[in-house]
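Visitor: I have a structure I would like to understand better, so I am pasting it below and will then ask my questions one at a time.
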Amino acid sequence: MELAFTLDTHGTCVGQLRDELLPLEESAVSWEFPYTIFVVFRVLPDSYERRTSRRFDSRDGTLYLDISLSYEQYGRMSKHEQREALGIHLYSYLSESVAKYNKYADKKAQEQLLDLVRQWMLAHHWLQGKLHQARILLSQETGLHEVSRKLQMPLEEVEYIFLRMNDYEPTGIHPDNLY
């Protein structure tokens, strides 16, 4: 099958994260699925009021997913936060979309595809990655230094996660997005 990702963005890490999805595209070539899935990530200002959408083109057997993300929101996130948020959003929307077009792929094919995508995303920290694990440990009152050591994460990043868990909402652009 063909699973492809492209983007329309600037000023966030989503372009770098899209590059991280290239191995998923390559893996999908060997998977059995009855149609192509083409995903575009659009990180745009909220003022554009662009909505996430999907459509299935039965002529070329392609499901098009157009995922709109808030520039204002993603600009304040670290690269790891963006990966986590994008992973959750992508997997959820993919699951919902594949189920919607069940006339083109039966339940078994859908489940197999979603399982393969989920396994890849888990293995590459797109779902339940280090941020997720750090939040669990911090919510269990594990010390910042111990979380840093256990997950092999910089202490500054663990501190940032802790602050975010305690209602710290950054107002400026996160340094990961400045390049």
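Residue names in the structure tokens use chain letters A, B, ... in the order shown, residue numbers from 1 in each chain, and ligand numbers from 1 in the order shown.
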Quick one: pick out all strand (DSSP E or B) residues within chain A from a backbone DSSP run and write them as a ChimeraX atom specification.
Guide: /A:3-8,36-44,53-57,62-70
Visitor: Next, dump the selected residues to file, keeping only C-alpha atoms, as a PDB file, in the first residue's frame.
Guide:
ATOM      1  CA  LEU A   3       0.904   5.801   2.807  1.00  0.00           C
ATOM      2  CA  ALA A   4       2.265   9.281   2.167  1.00  0.00           C
ATOM      3  CA  PHE A   5       2.728  12.409   4.280  1.00  0.00           C
ATOM      4  CA  THR A   6       3.272  15.979   3.159  1.00  0.00           C
ATOM      5  CA  LEU A   7       2.912  19.374   4.798  1.00  0.00           C
ATOM      6  CA  ASP A   8       2.064  23.026   4.567  1.00  0.00           C
ATOM      7  CA  THR A  36      -3.769   4.612  -0.772  1.00  0.00           C
ATOM      8  CA  ILE A  37      -3.785   7.058   2.126  1.00  0.00           C
ATOM      9  CA  PHE A  38      -2.401  10.540   1.578  1.00  0.00           C
ATOM     10  CA  VAL A  39      -2.015  12.833   4.617  1.00  0.00           C
ATOM     11  CA  VAL A  40      -1.229  16.541   4.593  1.00  0.00           C
ATOM     12  CA  PHE A  41      -0.378  18.379   7.815  1.00  0.00           C
ATOM     13  CA  ARG A  42      -1.249  22.073   7.749  1.00  0.00           C
ATOM     14  CA  VAL A  43       0.057  24.193  10.598  1.00  0.00           C
ATOM     15  CA  LEU A  44      -1.711  27.479  10.030  1.00  0.00           C
ATOM     16  CA  SER A  53     -11.158  17.303   6.467  1.00  0.00           C
ATOM     17  CA  ARG A  54     -11.143  14.031   4.601  1.00  0.00           C
ATOM     18  CA  ARG A  55     -12.389  12.701   1.315  1.00  0.00           C
ATOM     19  CA  PHE A  56     -12.215   9.442  -0.536  1.00  0.00           C
ATOM     20  CA  ASP A  57     -11.622   9.489  -4.282  1.00  0.00           C
ATOM     21  CA  THR A  62      -7.156   7.248  -2.377  1.00  0.00           C
ATOM     22  CA  LEU A  63      -8.208   8.500   1.025  1.00  0.00           C
ATOM     23  CA  TYR A  64      -7.091  12.114   1.459  1.00  0.00           C
ATOM     24  CA  LEU A  65      -6.671  13.356   5.037  1.00  0.00           C
ATOM     25  CA  ASP A  66      -6.101  17.082   5.445  1.00  0.00           C
ATOM     26  CA  ILE A  67      -5.136  17.673   9.079  1.00  0.00           C
ATOM     27  CA  SER A  68      -5.208  21.285  10.246  1.00  0.00           C
ATOM     28  CA  LEU A  69      -3.170  22.216  13.300  1.00  0.00           C
ATOM     29  CA  SER A  70      -2.974  25.495  15.184  1.00  0.00           C
TER      30      SER A  70
END
Visitor: Please identify all polymer residues within 9 Å of Ser139 of chain A, counting only C-alpha atoms, omitting same-chain residues fewer than 3 positions from it, and present them as a list in words.
Guide: Ala134, Arg135, Ile136, Thr142, Phe162 and Met165 of chain A
Visitor: Store the residues of this selection in a file with N, CA and C atoms, as a PDB file, in the first residue's frame.
Guide:
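Output file again_8.pdb follows:
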ATOM      1  N   ALA A 134       7.136  10.230  31.298  1.00  0.00           N
ATOM      2  CA  ALA A 134       7.568  11.207  32.296  1.00  0.00           C
ATOM      3  C   ALA A 134       6.372  11.717  33.092  1.00  0.00           C
ATOM      4  N   ARG A 135       5.267  11.984  32.426  1.00  0.00           N
ATOM      5  CA  ARG A 135       4.065  12.448  33.133  1.00  0.00           C
ATOM      6  C   ARG A 135       3.589  11.411  34.145  1.00  0.00           C
ATOM      7  N   ILE A 136       3.618  10.147  33.748  1.00  0.00           N
ATOM      8  CA  ILE A 136       3.202   9.077  34.666  1.00  0.00           C
ATOM      9  C   ILE A 136       4.109   9.067  35.893  1.00  0.00           C
ATOM     10  N   THR A 142       7.569  10.902  41.538  1.00  0.00           N
ATOM     11  CA  THR A 142       8.965  10.545  41.317  1.00  0.00           C
ATOM     12  C   THR A 142       9.728  11.850  41.134  1.00  0.00           C
ATOM     13  N   PHE A 162       7.065  18.993  33.994  1.00  0.00           N
ATOM     14  CA  PHE A 162       6.492  19.176  35.325  1.00  0.00           C
ATOM     15  C   PHE A 162       5.723  20.497  35.397  1.00  0.00           C
ATOM     16  N   MET A 165       2.518  20.238  33.507  1.00  0.00           N
ATOM     17  CA  MET A 165       1.538  19.437  34.251  1.00  0.00           C
ATOM     18  C   MET A 165       0.859  20.265  35.345  1.00  0.00           C
TER      19      MET A 165
END
Visitor: Distance atom CA of Ala105 of chain A-atom CA of Gly61 of chain A, one decimal place?
Guide: 10.8 Å
Visitor: Looking only at helix (DSSP H, G or I) from DSSP on the backbone, list the matching residues of segment 63-103 of chain A as a list in words.
Guide: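 Going through segment 63-103 of chain A, the helix (DSSP H, G or I) residues come out as Tyr71, Glu72, Gln73, Tyr74, Gly75, Lys79, His80, Glu81, Gln82, Arg83, Glu84, Ala85, Leu86, Gly87, Ile88, His89, Leu90, Tyr91, Ser92, Tyr93, Leu94, Ser95, Glu96, Ser97, Val98, Ala99 and Lys100 of chain A.
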Visitor: If you count only C-alpha atoms, which residues fall within 10 Å of Glu169 of chain A, apart from same-chain ones fewer than 4 positions away, as a PyMOL selection string?
Guide: chain A and resi 76-77+163-165
Visitor: Write out, as a CSV table (one decimal), in the first residue's frame, the residues just selected, with C-alpha atoms.
Guide:
chain,number,residue,atom,x,y,z
A,76,ARG,CA,4.4,27.1,22.0
A,77,MET,CA,5.2,23.4,22.2
A,163,LEU,CA,5.6,22.9,34.9
A,164,ARG,CA,3.2,22.0,32.0
A,165,MET,CA,1.5,19.4,34.3
Visitor: List the neighbours of segment 12-23 of chain A out to 7 Å using only C-alpha atoms; skip same-chain residues closer than 5 positions along the sequence, and give me the result as a list of chain:residue names.
Guide: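 Once the adjacent positions are removed, what remains is A:Phe5, A:Leu7, A:Tyr74, A:Gly75, A:Lys79, A:Arg83, A:Asn177.
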Visitor: Limited to all heavy atoms, could you put the picked residues into a file as a short mmCIF file (atom, residue, chain, number, x, y, z; two decimals), in the first residue's frame?
Guide:
data_model
loop_
_atom_site.label_atom_id
_atom_site.label_comp_id
_atom_site.auth_asym_id
_atom_site.auth_seq_id
_atom_site.Cartn_x
_atom_site.Cartn_y
_atom_site.Cartn_z
N PHE A 5 2.91 11.23 3.44
CA PHE A 5 2.73 12.41 4.28
C PHE A 5 3.39 13.61 3.60
O PHE A 5 4.49 13.50 3.08
CB PHE A 5 3.38 12.21 5.65
CG PHE A 5 2.82 11.05 6.42
CD1 PHE A 5 3.41 9.80 6.34
CD2 PHE A 5 1.69 11.20 7.21
CE1 PHE A 5 2.89 8.72 7.03
CE2 PHE A 5 1.16 10.12 7.90
CZ PHE A 5 1.76 8.88 7.82
N LEU A 7 3.27 18.32 3.86
CA LEU A 7 2.91 19.37 4.80
C LEU A 7 2.85 20.74 4.16
O LEU A 7 3.35 20.98 3.08
CB LEU A 7 3.89 19.40 5.97
CG LEU A 7 5.36 19.63 5.65
CD1 LEU A 7 5.79 20.98 6.18
CD2 LEU A 7 6.18 18.54 6.26
N TYR A 74 1.01 24.99 18.36
CA TYR A 74 2.22 24.22 18.08
C TYR A 74 3.48 25.05 18.28
O TYR A 74 4.52 24.53 18.66
CB TYR A 74 2.17 23.59 16.69
CG TYR A 74 1.49 22.24 16.70
CD1 TYR A 74 0.14 22.12 16.99
CD2 TYR A 74 2.20 21.08 16.45
CE1 TYR A 74 -0.48 20.88 17.03
CE2 TYR A 74 1.60 19.84 16.49
CZ TYR A 74 0.25 19.75 16.78
OH TYR A 74 -0.36 18.52 16.83
N GLY A 75 3.39 26.34 18.04
CA GLY A 75 4.55 27.21 18.23
C GLY A 75 5.00 27.29 19.68
O GLY A 75 6.19 27.51 19.95
N LYS A 79 9.51 20.28 20.55
CA LYS A 79 9.45 19.29 19.47
C LYS A 79 8.83 17.98 19.96
O LYS A 79 8.02 17.36 19.27
CB LYS A 79 10.85 19.04 18.91
CG LYS A 79 10.89 18.06 17.76
CD LYS A 79 12.28 17.90 17.21
CE LYS A 79 12.34 16.94 16.04
NZ LYS A 79 13.70 16.82 15.50
N ARG A 83 5.48 16.13 18.61
CA ARG A 83 5.46 14.73 18.15
C ARG A 83 4.32 13.98 18.85
O ARG A 83 3.55 13.26 18.21
CB ARG A 83 6.78 14.03 18.44
CG ARG A 83 6.80 12.58 17.94
CD ARG A 83 8.08 11.84 18.30
NE ARG A 83 9.24 12.47 17.71
CZ ARG A 83 10.14 13.20 18.41
NH1 ARG A 83 10.00 13.37 19.71
NH2 ARG A 83 11.18 13.73 17.80
N ASN A 177 11.35 25.80 18.19
CA ASN A 177 10.76 26.30 16.95
C ASN A 177 11.54 27.47 16.36
O ASN A 177 11.15 27.99 15.33
CB ASN A 177 9.32 26.71 17.18
CG ASN A 177 8.48 25.53 17.59
OD1 ASN A 177 8.47 24.51 16.91
ND2 ASN A 177 7.80 25.64 18.71
#
Visitor: One number please: atom CA of His174 of chain A to atom CA of Leu151 of chain A, in Å, one decimal.
Guide: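 Atom CA of Leu151 of chain A lies at a distance of 21.8 Å from atom CA of His174 of chain A.
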